[in-house]
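As provided, structure-v3.tsv (TSV, C-alpha atoms and all ligand atoms) reads as follows.
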```tsv
chain	number	residue	atom	x	y	z
A	24	MET	CA	-22.09	-110.35	22.49
A	25	ARG	CA	-22.96	-109.12	19.05
A	26	THR	CA	-25.18	-106.11	18.99
A	27	ARG	CA	-28.19	-106.32	16.81
A	28	GLY	CA	-30.16	-103.43	15.54
A	29	VAL	CA	-30.03	-100.57	13.16
A	30	ALA	CA	-27.68	-98.33	15.13
A	31	GLY	CA	-24.99	-100.92	15.92
A	32	ARG	CA	-24.31	-102.25	12.48
A	33	PRO	CA	-23.03	-99.24	10.53
A	34	ALA	CA	-20.63	-98.37	13.34
A	35	ARG	CA	-19.20	-101.89	13.29
A	36	LEU	CA	-18.89	-101.83	9.56
A	37	PHE	CA	-17.19	-98.44	9.69
A	38	TYR	CA	-14.77	-99.68	12.34
A	39	GLY	CA	-13.98	-102.72	10.22
A	40	ILE	CA	-13.21	-100.57	7.19
A	41	LEU	CA	-11.03	-98.30	9.32
A	42	VAL	CA	-8.99	-101.22	10.66
A	43	TYR	CA	-8.70	-102.67	7.18
A	44	ALA	CA	-7.46	-99.34	5.82
A	45	CYS	CA	-4.86	-99.01	8.58
A	46	MET	CA	-3.60	-102.54	8.03
A	47	ARG	CA	-3.37	-102.01	4.31
A	48	ARG	CA	-1.34	-98.85	4.75
A	49	ARG	CA	1.28	-100.62	6.86
A	50	SER	CA	1.82	-103.69	4.74
A	51	SER	CA	3.79	-103.43	1.52
A	52	LYS	CA	2.20	-104.21	-1.81
A	53	PRO	CA	2.64	-107.56	-3.55
A	54	LEU	CA	5.91	-107.88	-5.42
A	55	HIS	CA	4.33	-108.21	-8.85
A	56	GLN	CA	2.49	-104.91	-8.30
A	57	ILE	CA	5.70	-103.18	-7.23
A	58	LYS	CA	7.44	-104.51	-10.34
A	59	MET	CA	4.55	-103.31	-12.48
A	60	ALA	CA	4.72	-99.86	-10.87
A	61	ARG	CA	8.47	-99.62	-11.61
A	62	GLU	CA	7.82	-100.60	-15.20
A	63	ARG	CA	5.04	-98.03	-15.57
A	64	ILE	CA	7.25	-95.29	-14.12
A	65	HIS	CA	10.01	-96.31	-16.53
A	66	ILE	CA	7.57	-96.11	-19.45
A	67	LEU	CA	6.37	-92.67	-18.34
A	68	PHE	CA	9.96	-91.40	-18.23
A	69	GLY	CA	10.52	-92.72	-21.75
A	70	GLU	CA	7.37	-91.04	-23.01
A	71	ALA	CA	8.27	-87.78	-21.28
A	72	ASP	CA	11.72	-87.87	-22.86
A	73	ALA	CA	10.17	-88.30	-26.31
A	74	ILE	CA	7.57	-85.52	-25.93
A	75	VAL	CA	9.41	-82.87	-23.87
A	76	LYS	CA	10.65	-80.87	-26.89
A	77	ARG	CA	7.18	-80.53	-28.38
A	78	ASP	CA	5.11	-80.33	-25.21
A	79	PRO	CA	6.89	-79.72	-21.87
A	80	LYS	CA	3.55	-79.45	-20.07
A	81	LEU	CA	2.59	-82.97	-21.13
A	82	ALA	CA	5.97	-84.25	-19.97
A	83	GLN	CA	5.27	-82.53	-16.65
A	84	ARG	CA	1.94	-84.34	-16.47
A	85	TYR	CA	3.71	-87.67	-17.07
A	86	MET	CA	6.03	-86.88	-14.18
A	87	LEU	CA	3.06	-86.14	-11.93
A	88	LEU	CA	1.58	-89.51	-12.90
A	89	ALA	CA	4.91	-91.24	-12.25
A	90	ARG	CA	5.03	-89.65	-8.80
A	91	LYS	CA	1.47	-90.72	-8.08
A	92	ILE	CA	2.23	-94.32	-9.08
A	93	GLY	CA	5.34	-94.25	-6.92
A	94	MET	CA	3.39	-93.03	-3.91
A	95	ARG	CA	0.63	-95.60	-4.35
A	96	TYR	CA	2.99	-98.58	-4.59
A	97	ASN	CA	5.76	-97.33	-2.27
A	98	VAL	CA	8.21	-97.23	-5.14
A	99	ARG	CA	10.95	-94.59	-5.08
A	100	LEU	CA	12.39	-93.09	-8.20
A	101	THR	CA	15.93	-94.15	-9.04
A	102	ARG	CA	18.74	-91.63	-8.64
A	103	GLU	CA	18.87	-90.96	-12.36
A	104	GLN	CA	15.12	-90.48	-12.51
A	105	ARG	CA	15.09	-88.11	-9.55
A	106	ARG	CA	17.67	-85.90	-11.24
A	107	ARG	CA	15.44	-85.52	-14.27
A	108	VAL	CA	12.43	-84.15	-12.39
A	109	CYS	CA	12.07	-80.63	-11.01
A	110	ARG	CA	11.69	-80.77	-7.26
A	111	HIS	CA	9.35	-77.79	-7.21
A	112	CYS	CA	6.94	-78.24	-10.12
A	113	ARG	CA	7.66	-81.83	-11.25
A	114	ALA	CA	8.65	-80.75	-14.74
A	115	TYR	CA	10.71	-83.14	-16.82
A	116	LEU	CA	14.18	-81.61	-17.05
A	117	ARG	CA	16.11	-81.77	-20.29
A	118	PRO	CA	19.18	-79.52	-20.52
A	119	GLY	CA	18.61	-76.82	-23.11
A	120	VAL	CA	14.90	-77.48	-23.37
A	121	THR	CA	13.38	-77.20	-19.91
A	122	SER	CA	16.45	-76.65	-17.76
A	123	GLU	CA	19.80	-74.90	-17.54
A	124	HIS	CA	22.72	-76.61	-15.85
A	125	VAL	CA	25.61	-74.71	-14.33
A	126	VAL	CA	28.52	-76.76	-13.05
A	127	ARG	CA	30.46	-75.39	-10.09
A	128	ARG	CA	32.94	-76.90	-7.69
A	129	GLY	CA	31.33	-80.15	-6.68
A	130	THR	CA	27.79	-79.04	-7.43
A	131	VAL	CA	25.45	-78.71	-10.36
A	132	ARG	CA	22.88	-75.95	-10.28
A	133	VAL	CA	19.82	-76.95	-12.22
A	134	ARG	CA	17.41	-74.17	-13.11
A	135	CYS	CA	13.95	-75.23	-14.19
A	136	LEU	CA	12.68	-73.07	-17.04
A	137	LEU	CA	9.04	-73.77	-16.23
A	138	CYS	CA	8.97	-72.51	-12.64
A	139	LYS	CA	12.30	-70.60	-12.75
A	140	LYS	CA	13.50	-72.20	-9.52
A	141	THR	CA	16.88	-73.80	-8.95
A	142	MET	CA	17.93	-77.00	-7.30
A	143	THR	CA	21.48	-77.82	-6.36
A	144	LEU	CA	22.86	-81.31	-6.84
A	145	ARG	CA	26.12	-82.63	-5.54
A	146	TYR	CA	28.50	-84.94	-7.29
A	147	LYS	CA	31.78	-86.46	-6.41
B	201	ZN	ZN	10.19	-76.48	-11.92
```
Let me see the file written as structure tokens.
Ligand SMILES: [Zn+2]
Amino acid sequence: MRTRGVAGRPARLFYGILVYACMRRRSSKPLHQIKMARERIHILFGEADAIVKRDPKLAQRYMLLARKIGMRYNVRLTREQRRRVCRHCRAYLRPGVTSEHVVRRGTVRVRCLLCKKTMTLRYK
């Protein structure tokens, strides 16, 4: 059954790793890791909020890290968090510092001052 030899083994090993990778991708992460990821994202948002006036680029970097953590652990940002990140360049948005908000009928137009693009948000 089992092939022996130099040629057979690496292929088997490779196949095993491939299957393992596929299985890992489908299953969700352990709950304690998901909780930890949420906490880390929360901390990054806090840090970004504290630093954005002095260094918007660093705040943008924190948002990139938060996004990376979210993708790794299948954690989505909360609604409030999503509204504070530029959809185009991932800058941390603070009205008057890195963004301009214009309120119209039922919508808010948020203009990012780092990439100069706008995103439109709805509200009830
Ligand atoms: Zn932007």
Extract, using only C-alpha atoms, all DNA, RNA and protein residues at most 9 Å from range 90-98 of chain A, discarding same-chain residues fewer than 5 positions from it, and format them as a PyMOL selection string.
chain A and resi 51-52+56-58+60-61+63-64+85+113
Please measure the separation of CA of Thr143 in chain A and CA of Pro118 in chain A, giving the value in Å to one decimal.
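About the pair CA of Thr143 in chain A and CA of Pro118 in chain A: they are 14.4 Å apart.
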Residues of chain A that have any atom at most 9 Å from an atom of ligand ZN 201 (chain B): could you tabulate them with the shortest-distance atom pair and the distance in Å to one decimal, using all atoms listed in the file, ordered by chain and increasing number, as a tab-separated table?
```
residue	atom	partner	partner_atom	distance
A:Val108	CA	B:ZN201	ZN	8.0
A:Cys109	CA	B:ZN201	ZN	4.6
A:Arg110	CA	B:ZN201	ZN	6.5
A:His111	CA	B:ZN201	ZN	5.0
A:Cys112	CA	B:ZN201	ZN	4.1
A:Arg113	CA	B:ZN201	ZN	6.0
A:Ala114	CA	B:ZN201	ZN	5.3
A:Tyr115	CA	B:ZN201	ZN	8.3
A:Leu116	CA	B:ZN201	ZN	8.3
A:Thr121	CA	B:ZN201	ZN	8.6
A:Ser122	CA	B:ZN201	ZN	8.6
A:Arg134	CA	B:ZN201	ZN	7.7
A:Cys135	CA	B:ZN201	ZN	4.6
A:Leu136	CA	B:ZN201	ZN	6.6
A:Leu137	CA	B:ZN201	ZN	5.2
A:Cys138	CA	B:ZN201	ZN	4.2
A:Lys139	CA	B:ZN201	ZN	6.3
A:Lys140	CA	B:ZN201	ZN	5.9
A:Thr141	CA	B:ZN201	ZN	7.8
```
Quick one: pull the distance between CA of Lys147 in chain A and CA of Gly129 in chain A, Å, one decimal.
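Spanning CA of Lys147 in chain A to CA of Gly129 in chain A is a straight-line distance of 6.3 Å.
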Near Lys76 in chain A, within 10 Å and counting all atoms listed in the file, which residues show up once chain neighbours fewer than 3 positions away are dropped, as a PyMOL selection string?
chain A and resi 71-73+79-80+82+117+119-121
By how many Å are CA of Met142 in chain A and CA of Arg77 in chain A apart?
23.9 Å
Which of A:Arg107, A:His65, A:Arg128, A:Arg102 sits closest to Leu88 in chain A [using all atoms listed in the file]:
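Under the stated criterion, the closest residue is A:His65.
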Draw an axis-aligned box tight on the listed atoms of range 119-133 of chain A, then pad every side by 4 Å and write out centre and edge lengths in Å to one decimal as AutoDock Vina command-line options.
```
--center_x 23.2 --center_y -77.4 --center_z -15.0 --size_x 27.6 --size_y 13.4 --size_z 24.7
```
